[in-house]
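Student: Okay, so here is data.txt, and as you'll see once you scroll down, it has compact mmCIF, C-alpha atoms and all ligand atoms.
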```
# COMPACT_ATOMS: atom_id res chain seq x y z
CA MET D 23 -47.93 -21.86 -91.38
CA ALA D 24 -45.75 -23.82 -93.83
CA LYS D 25 -43.72 -20.66 -94.34
CA MET D 26 -43.07 -20.48 -90.62
CA ILE D 27 -41.86 -24.10 -90.53
CA ASN D 28 -39.55 -23.45 -93.49
CA LYS D 29 -38.08 -20.48 -91.68
CA VAL D 30 -37.45 -22.51 -88.53
CA ARG D 31 -35.80 -25.26 -90.59
CA LEU D 32 -33.61 -22.74 -92.35
CA ILE D 33 -32.49 -21.17 -89.06
CA LYS D 34 -31.70 -24.62 -87.62
CA PHE D 35 -29.63 -25.35 -90.71
CA ILE D 36 -27.71 -22.08 -90.33
CA ARG D 37 -26.82 -23.02 -86.74
CA LEU D 38 -25.56 -26.38 -87.95
CA TYR D 39 -23.58 -24.86 -90.80
CA PRO D 40 -20.29 -24.24 -88.86
CA LEU D 41 -20.30 -27.85 -87.59
CA LEU D 42 -21.02 -29.08 -91.07
CA ALA D 43 -18.22 -26.94 -92.48
CA ILE D 44 -15.72 -28.29 -89.91
CA ALA D 45 -16.82 -31.86 -90.63
CA ILE D 46 -16.34 -31.34 -94.35
CA LEU D 47 -12.90 -29.74 -93.84
CA LEU D 48 -11.95 -32.74 -91.70
CA ILE D 49 -13.12 -35.18 -94.35
CA ALA D 50 -11.25 -33.17 -96.98
CA TYR D 51 -8.13 -33.31 -94.78
CA LEU D 52 -8.46 -37.06 -94.29
CA LEU D 53 -8.93 -37.46 -98.02
CA GLY D 54 -5.67 -35.60 -98.54
CA ALA D 55 -6.81 -32.24 -99.84
CA PHE D 56 -4.15 -30.38 -97.79
CA SER D 57 -1.30 -32.86 -97.97
CA ASP D 58 1.43 -33.15 -100.50
CA GLN D 59 0.75 -36.82 -100.85
CA SER D 60 1.73 -37.82 -104.31
CA ASP D 61 -1.08 -40.27 -104.76
CA PRO D 62 -4.21 -38.92 -102.97
CA ILE D 63 -7.39 -40.98 -102.85
CA ILE D 64 -9.26 -38.17 -104.64
CA ASP D 65 -7.61 -35.59 -106.86
CA GLN D 66 -6.56 -32.61 -104.67
CA GLN D 67 -7.71 -30.00 -107.18
CA TYR D 68 -11.13 -31.58 -107.27
CA LEU D 69 -11.41 -31.48 -103.45
CA ILE D 70 -10.35 -27.84 -103.23
CA THR D 71 -12.86 -26.83 -105.88
CA ALA D 72 -15.56 -28.70 -103.96
CA LEU D 73 -14.60 -26.86 -100.76
CA TYR D 74 -14.73 -23.46 -102.48
CA LEU D 75 -18.12 -24.35 -103.86
CA PHE D 76 -19.31 -25.35 -100.41
CA ILE D 77 -18.10 -22.07 -98.88
CA VAL D 78 -19.68 -19.93 -101.62
CA VAL D 79 -22.70 -21.87 -102.80
CA VAL D 80 -24.22 -22.71 -99.41
CA PRO D 81 -24.29 -19.12 -98.04
CA VAL D 82 -25.67 -17.86 -101.36
CA ALA D 83 -28.37 -20.54 -101.25
CA VAL D 84 -29.23 -19.57 -97.67
CA ILE D 85 -29.52 -15.90 -98.63
CA ILE D 86 -31.79 -16.80 -101.55
CA ALA D 87 -33.89 -19.04 -99.29
CA PHE D 88 -34.26 -16.17 -96.80
CA LEU D 89 -35.35 -13.82 -99.57
CA ILE D 90 -37.94 -16.31 -100.83
CA ILE D 91 -39.31 -17.05 -97.36
CA GLY D 92 -39.33 -13.34 -96.47
CA LYS D 93 -41.22 -12.49 -99.64
CA SER D 94 -43.79 -15.22 -99.16
CA SER D 95 -44.47 -14.13 -95.59
CA ASP D 96 -44.91 -10.56 -96.88
CA ASN D 97 -47.45 -11.92 -99.35
CA LEU D 98 -49.15 -13.81 -96.56
CA PHE D 99 -49.37 -10.57 -94.57
CA LYS D 100 -50.78 -8.70 -97.56
CA GLN D 101 -53.32 -11.46 -98.08
CA VAL D 102 -54.44 -11.24 -94.46
CA LYS D 103 -54.81 -7.47 -94.80
CA SER D 104 -56.87 -7.73 -97.98
CA ASP D 105 -59.05 -10.38 -96.30
CA GLU D 106 -59.78 -7.88 -93.54
CA ILE D 107 -60.79 -5.29 -96.09
CA LYS D 108 -62.96 -7.81 -97.91
CA PHE D 109 -64.58 -8.73 -94.63
CA ALA D 110 -65.41 -5.10 -93.87
CA ASN D 111 -66.83 -4.70 -97.35
CA GLN D 112 -68.55 -8.06 -97.69
CA ASP D 113 -72.02 -6.68 -97.40
CA PRO D 114 -72.25 -2.90 -97.30
CA PHE D 115 -75.82 -3.13 -96.01
CA ASN D 116 -74.95 -5.40 -93.14
CA LEU D 117 -74.04 -2.53 -90.85
CA PRO D 118 -74.10 -2.22 -87.07
CA LYS D 119 -77.68 -2.04 -85.82
CA VAL D 120 -76.69 -0.90 -82.37
CA LYS D 121 -76.43 2.75 -81.43
CA MET D 122 -72.94 3.99 -82.20
CA GLY D 123 -71.44 6.23 -79.58
CA GLY D 124 -68.07 6.66 -77.99
CA TYR D 125 -65.22 8.80 -76.82
CA LYS D 126 -62.29 10.48 -78.51
CA LEU D 127 -59.78 13.27 -78.23
CA ALA D 128 -59.95 16.71 -79.77
CA LEU D 129 -57.94 19.88 -79.64
CA LEU D 130 -59.78 23.20 -79.55
CA THR D 131 -58.40 25.56 -82.16
CA ASN D 132 -59.24 28.69 -84.16
CA ARG D 133 -61.40 31.70 -83.39
CA PRO D 134 -64.25 31.11 -82.88
CA PRO D 135 -63.22 27.77 -81.39
CA GLU D 136 -63.62 24.55 -83.39
CA PHE D 137 -62.86 20.92 -82.66
CA THR D 138 -59.66 19.64 -84.27
CA GLY D 139 -58.86 15.97 -84.53
CA LEU D 140 -55.36 14.80 -83.70
CA THR D 141 -54.86 14.35 -87.46
CA GLY D 142 -55.52 18.09 -87.95
CA ASP D 143 -59.04 18.08 -89.45
CA THR D 144 -61.37 20.63 -87.93
CA TYR D 145 -65.07 20.00 -87.39
CA GLN D 146 -68.15 21.49 -85.81
CA ALA D 147 -70.17 19.86 -83.04
CA ASP D 148 -72.57 18.44 -85.65
CA ALA D 149 -70.73 17.42 -88.79
CA ALA D 150 -70.55 15.01 -91.71
CA ALA D 151 -67.15 13.50 -92.44
CA LEU D 152 -65.18 14.54 -95.51
CA CYS D 153 -62.51 12.51 -97.26
CA ASN D 154 -59.21 14.32 -97.90
CA LEU D 155 -57.84 11.44 -99.91
CA ASN D 156 -60.52 11.00 -102.53
CA PRO D 157 -63.13 13.67 -103.37
CA ASN D 158 -65.46 10.96 -104.73
CA HIS D 159 -65.77 9.32 -101.31
CA THR D 160 -68.78 9.76 -99.10
CA PRO D 161 -67.18 8.57 -95.85
CA PRO D 162 -66.80 6.01 -94.50
CA VAL D 163 -65.39 3.96 -97.37
CA ALA D 164 -64.27 0.47 -96.36
CA GLN D 165 -60.90 0.57 -98.15
CA CYS D 166 -60.15 4.16 -97.07
CA GLU D 167 -59.41 5.82 -93.74
CA CYS D 168 -62.16 8.40 -94.02
CA GLY D 169 -64.98 8.87 -91.51
CA PHE D 170 -65.29 9.88 -87.86
CA TYR D 171 -63.57 7.57 -85.41
CA ALA D 172 -64.38 6.96 -81.76
CA TYR D 173 -63.37 4.51 -79.06
CA LYS D 174 -66.14 2.47 -77.46
CA ASP D 175 -64.43 2.57 -74.09
CA LYS D 176 -64.09 5.82 -72.18
CA GLY D 177 -61.10 4.47 -70.27
CA GLU D 178 -59.19 3.91 -73.48
CA ALA D 179 -59.85 7.48 -74.65
CA ARG D 180 -58.84 8.79 -71.22
CA PHE D 181 -55.57 6.91 -71.46
CA GLU D 182 -54.97 8.53 -74.86
CA ALA D 183 -55.74 11.91 -73.29
CA SER D 184 -53.11 11.32 -70.62
CA ILE D 185 -50.43 10.96 -73.30
CA ASN D 186 -51.72 13.89 -75.39
CA PRO D 187 -51.54 16.95 -73.16
CA GLY D 188 -53.51 19.80 -74.69
CA ALA D 189 -56.23 17.49 -76.04
CA PHE D 190 -59.70 17.30 -74.51
CA LEU D 191 -61.77 14.18 -73.99
CA ILE D 192 -65.12 14.41 -75.79
CA ALA D 193 -68.18 12.16 -75.97
CA VAL D 194 -69.75 11.67 -79.40
CA ASP D 195 -72.75 10.03 -80.99
CA LEU D 196 -72.18 8.61 -84.45
CA TYR D 197 -74.76 8.31 -87.22
CA GLY D 198 -75.23 7.18 -90.78
CA VAL D 199 -73.22 4.42 -92.39
CA GLY D 200 -70.75 3.03 -89.90
CA PHE D 201 -68.24 0.27 -89.38
CA GLU D 202 -67.76 -1.50 -86.11
CA TYR D 203 -64.30 -2.52 -84.93
CA GLU D 204 -63.26 -4.40 -81.85
CA ARG D 205 -62.36 -1.21 -79.97
CA GLY D 206 -64.37 1.43 -81.77
CA TRP D 207 -66.39 2.85 -84.60
CA ARG D 208 -65.97 4.72 -87.87
CA SER D 209 -68.95 6.60 -89.18
CA GLU D 210 -70.44 9.00 -91.67
CA SER D 211 -71.50 11.76 -89.30
CA GLN D 212 -70.94 12.79 -85.72
CA VAL D 213 -72.53 14.89 -83.01
CA VAL D 214 -70.32 15.96 -80.12
CA LYS D 215 -72.39 15.51 -76.97
CA ALA D 216 -69.99 16.68 -74.29
CA LEU D 217 -66.57 18.12 -73.63
CA TYR D 218 -64.95 16.90 -70.41
CA LEU D 219 -62.93 19.46 -68.49
CA PRO D 220 -59.64 18.19 -67.12
CA LYS D 221 -59.39 18.33 -63.34
CA ARG D 222 -56.21 20.41 -63.42
CA CYS D 223 -54.99 23.58 -65.09
CA MET D 224 -53.36 22.65 -68.40
CA ARG D 225 -50.28 24.76 -67.59
CA CYS D 226 -49.33 24.31 -63.94
CA ARG D 227 -51.08 20.91 -63.60
CA VAL D 228 -51.81 21.75 -59.95
CA LEU D 229 -54.73 24.15 -59.56
CA THR D 230 -58.35 23.81 -60.63
CA PRO D 231 -59.10 25.25 -64.08
CA LYS D 232 -61.22 28.39 -64.13
CA VAL D 233 -61.24 29.76 -67.68
CA PHE D 234 -60.39 28.99 -71.32
CA VAL D 235 -57.51 30.96 -72.81
CA THR D 236 -56.14 30.97 -76.32
CA THR D 237 -52.53 31.19 -77.44
CA PHE D 238 -51.13 31.62 -80.92
CA LYS D 239 -49.01 28.66 -81.95
CA LEU D 240 -46.41 29.30 -84.59
CA GLY D 241 -45.95 26.48 -87.04
CA TYR D 242 -44.11 26.12 -90.32
CA GLY D 243 -45.21 28.39 -93.18
CA THR D 244 -48.94 28.95 -93.05
CA SER D 245 -49.64 26.37 -90.33
CA SER D 246 -50.01 28.71 -87.37
CA TRP D 247 -53.13 28.50 -85.26
CA TRP D 248 -54.94 29.61 -82.12
CA GLN D 249 -55.18 26.87 -79.53
CA TRP D 250 -57.52 26.85 -76.54
CA GLN D 251 -56.64 25.47 -73.10
CA VAL D 252 -58.22 25.59 -69.66
CA ARG D 253 -56.17 27.28 -67.01
CA CYS D 254 -56.33 28.23 -63.35
CA GLY D 255 -56.73 31.84 -62.19
CA ILE D 256 -52.98 32.33 -61.78
CA CYS D 257 -51.91 30.80 -65.10
CA SER D 258 -54.56 32.85 -66.97
CA SER D 259 -53.97 36.21 -65.25
CA SER D 260 -51.66 37.60 -67.96
CA PHE D 261 -54.22 37.03 -70.75
CA LYS D 262 -56.18 39.90 -72.28
CA SER D 263 -59.94 39.59 -71.87
CA GLU D 264 -60.41 39.05 -75.65
CA ASP D 265 -58.19 35.94 -75.39
CA LYS D 266 -60.31 34.37 -72.65
CA LEU D 267 -63.69 32.60 -72.67
CA SER D 268 -65.69 31.44 -69.68
CA PHE D 269 -66.86 27.82 -69.64
CA ASN D 270 -70.37 28.97 -70.61
CA GLN D 271 -69.18 31.17 -73.46
CA LEU D 272 -67.06 28.37 -74.92
CA ALA D 273 -69.94 25.90 -74.51
CA GLN D 274 -72.21 28.28 -76.45
CA GLN D 275 -69.71 28.92 -79.22
CA LEU D 276 -68.95 25.21 -79.66
CA LYS D 277 -72.63 24.24 -79.21
CA VAL D 278 -71.66 21.53 -76.77
CA GLU D 279 -72.25 20.70 -73.14
CA ILE D 280 -69.25 21.05 -70.84
CA ARG D 281 -68.94 18.45 -68.09
ZN ZN H 301 -61.97 8.19 -98.33
ZN ZN H 302 -52.31 26.84 -63.45
```
Render the structure in this file as structure tokens.
Tutor:
Amino acid sequence: MAKMINKVRLIKFIRLYPLLAIAILLIAYLLGAFSDQSDPIIDQQYLITALYLFIVVVPVAVIIAFLIIGKSSDNLFKQVKSDEIKFANQDPFNLPKVKMGGYKLALLTNRPPEFTGLTGDTYQADAAALCNLNPNHTPPVAQCECGFYAYKDKGEARFEASINPGAFLIAVDLYGVGFEYERGWRSESQVVKALYLPKRCMRCRVLTPKVFVTTFKLGYGTSSWWQWQVRCGICSSSFKSEDKLSFNQLAQQLKVEIR
């Protein structure tokens, strides 16, 4: 809070600086800094040196003040962040006692199909989280990002789905060690309960979807993959039968209910 007040004061001072500079030039003029008066009240050289100092020293001081205030507010931010982490870690046994369940987005990739998070990790319908950042972690670790995430609110996940075309909305139950956040959960293991079919074909966005089809997506280097979408009869007609799965077939292969 004090940092904020300092910043406001500094900004107010900067706004005043031109006025202050003009006032000082005026005083210097009145004192004879710019005249050829033979007997000035104050020695001309002294006045000019003082003016130069004012023009150089004040801006430098302001820049230094900005750097100091900026750094201290960075520190404040860091402190707030580490407090959050401490809070999450305060008592590792004081975990949510409510049932953890929610909604999230997944792509369907590979053959046979698997769930793929938007971060690129693939998982089965019933899976324990792995940590890609530290092999010693059994997720979730408070200070790390590892674990399965889900939103509490279906509406929020649906909104995410609307800005991630190609992703499916899924419902999950979460188990094991878990952390509760305002909008969601992060847990040790996850069971996908249901996959929600979009109401429209994922290609034409007009007709009702009838079948899953897979297309090969070319990425950089080795990152090419098969991706599954639902399409209407027309948008799926050019696919070979081995690149199609009925809703039931996909449900069986993923071991998940399709809604
Ligand atoms: Zn981790
Ligand atoms: Zn279509």
Student: Can you work out which residues are within 8 Å of ligand ZN 302 (chain H), considering all atoms listed in the file, and then hand them over as a short mmCIF file (atom, residue, chain, number, x, y, z; two decimals) with C-alpha atoms, in the frame of the given file?
Tutor:
```
data_model
loop_
_atom_site.label_atom_id
_atom_site.label_comp_id
_atom_site.auth_asym_id
_atom_site.auth_seq_id
_atom_site.Cartn_x
_atom_site.Cartn_y
_atom_site.Cartn_z
CA ARG D 222 -56.21 20.41 -63.42
CA CYS D 223 -54.99 23.58 -65.09
CA MET D 224 -53.36 22.65 -68.40
CA ARG D 225 -50.28 24.76 -67.59
CA CYS D 226 -49.33 24.31 -63.94
CA ARG D 227 -51.08 20.91 -63.60
CA VAL D 228 -51.81 21.75 -59.95
CA LEU D 229 -54.73 24.15 -59.56
CA THR D 230 -58.35 23.81 -60.63
CA PRO D 231 -59.10 25.25 -64.08
CA ARG D 253 -56.17 27.28 -67.01
CA CYS D 254 -56.33 28.23 -63.35
CA GLY D 255 -56.73 31.84 -62.19
CA ILE D 256 -52.98 32.33 -61.78
CA CYS D 257 -51.91 30.80 -65.10
CA SER D 258 -54.56 32.85 -66.97
#
```
Student: Ligand ZN 301 (chain H): which residues are within 8 Å, counting all atoms listed in the file, as a list of chain:residue names?
Tutor: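 Residues lying within 8 Å of ligand ZN 301 (chain H): D:Leu152, D:Cys153, D:Asn154, D:Leu155, D:Asn156, D:Pro157, D:Asn158, D:His159, D:Thr160, D:Pro161, D:Pro162, D:Val163, D:Gln165, D:Cys166, D:Glu167, D:Cys168, D:Gly169.
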Student: Can you find the residues with an atom no farther than 12 Å from (-12.4, -31.8, -105.6), counting all atoms listed in the file, and report them as a list in words?
Tutor: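 The residues near that point, listed by chain and number, are Ile46, Leu47, Ile49, Ala50, Tyr51, Leu53, Gly54, Ala55, Phe56, Pro62, Ile63, Ile64, Asp65, Gln66, Gln67, Tyr68, Leu69, Ile70, Thr71, Ala72, Leu73, Tyr74, Leu75 and Phe76 of chain D.
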Student: Using CA of Gln251 (chain D) and CA of Pro220 (chain D) as the two end points, give the distance in Å to one decimal.
Tutor: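 That distance, rounded to one decimal, is 9.9 Å.
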Student: Would you pick out the contacts of Gly123 (chain D) at 7 Å or less, using all atoms listed in the file, so that residues sharing its chain but fewer than 5 positions from it are not included, and give the list as a list in words?
Tutor: Lys174, Val194, Asp195 and Leu196 of chain D
Student: Report the distance between CA of Leu38 (chain D) and CA of Val78 (chain D) in Å, rounded to one decimal place.
Tutor: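 Between CA of Leu38 (chain D) and CA of Val78 (chain D) the gap is 16.2 Å.
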Student: Quick one: distance from CA of Thr141 (chain D) to CA of Gly124 (chain D) in Å, one decimal?
Tutor: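 Rounded to one decimal, the two atoms are 18.0 Å apart.
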Student: Name the residues in contact with Arg208 (chain D) at a cut-off of 7 Å, using all atoms listed in the file, excluding same-chain residues fewer than 6 positions from it; report them as a ChimeraX atom specification.
Tutor: /D:162,169-172,200-202
Student: Just checking: using only C-alpha atoms, which residue out of D:Phe190, D:Tyr197, D:Tyr218, D:Phe181 ends up closest to Ala151 (chain D)?
Tutor: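 Of D:Phe190, D:Tyr197, D:Tyr218, D:Phe181, the one nearest Ala151 (chain D) is D:Tyr197, counting only C-alpha atoms.
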Student: Of the residues D:Trp247, D:Ile280, D:Phe269, D:Val82, which is the one nearest to Thr144 (chain D), using only C-alpha atoms?
Tutor: D:Trp247
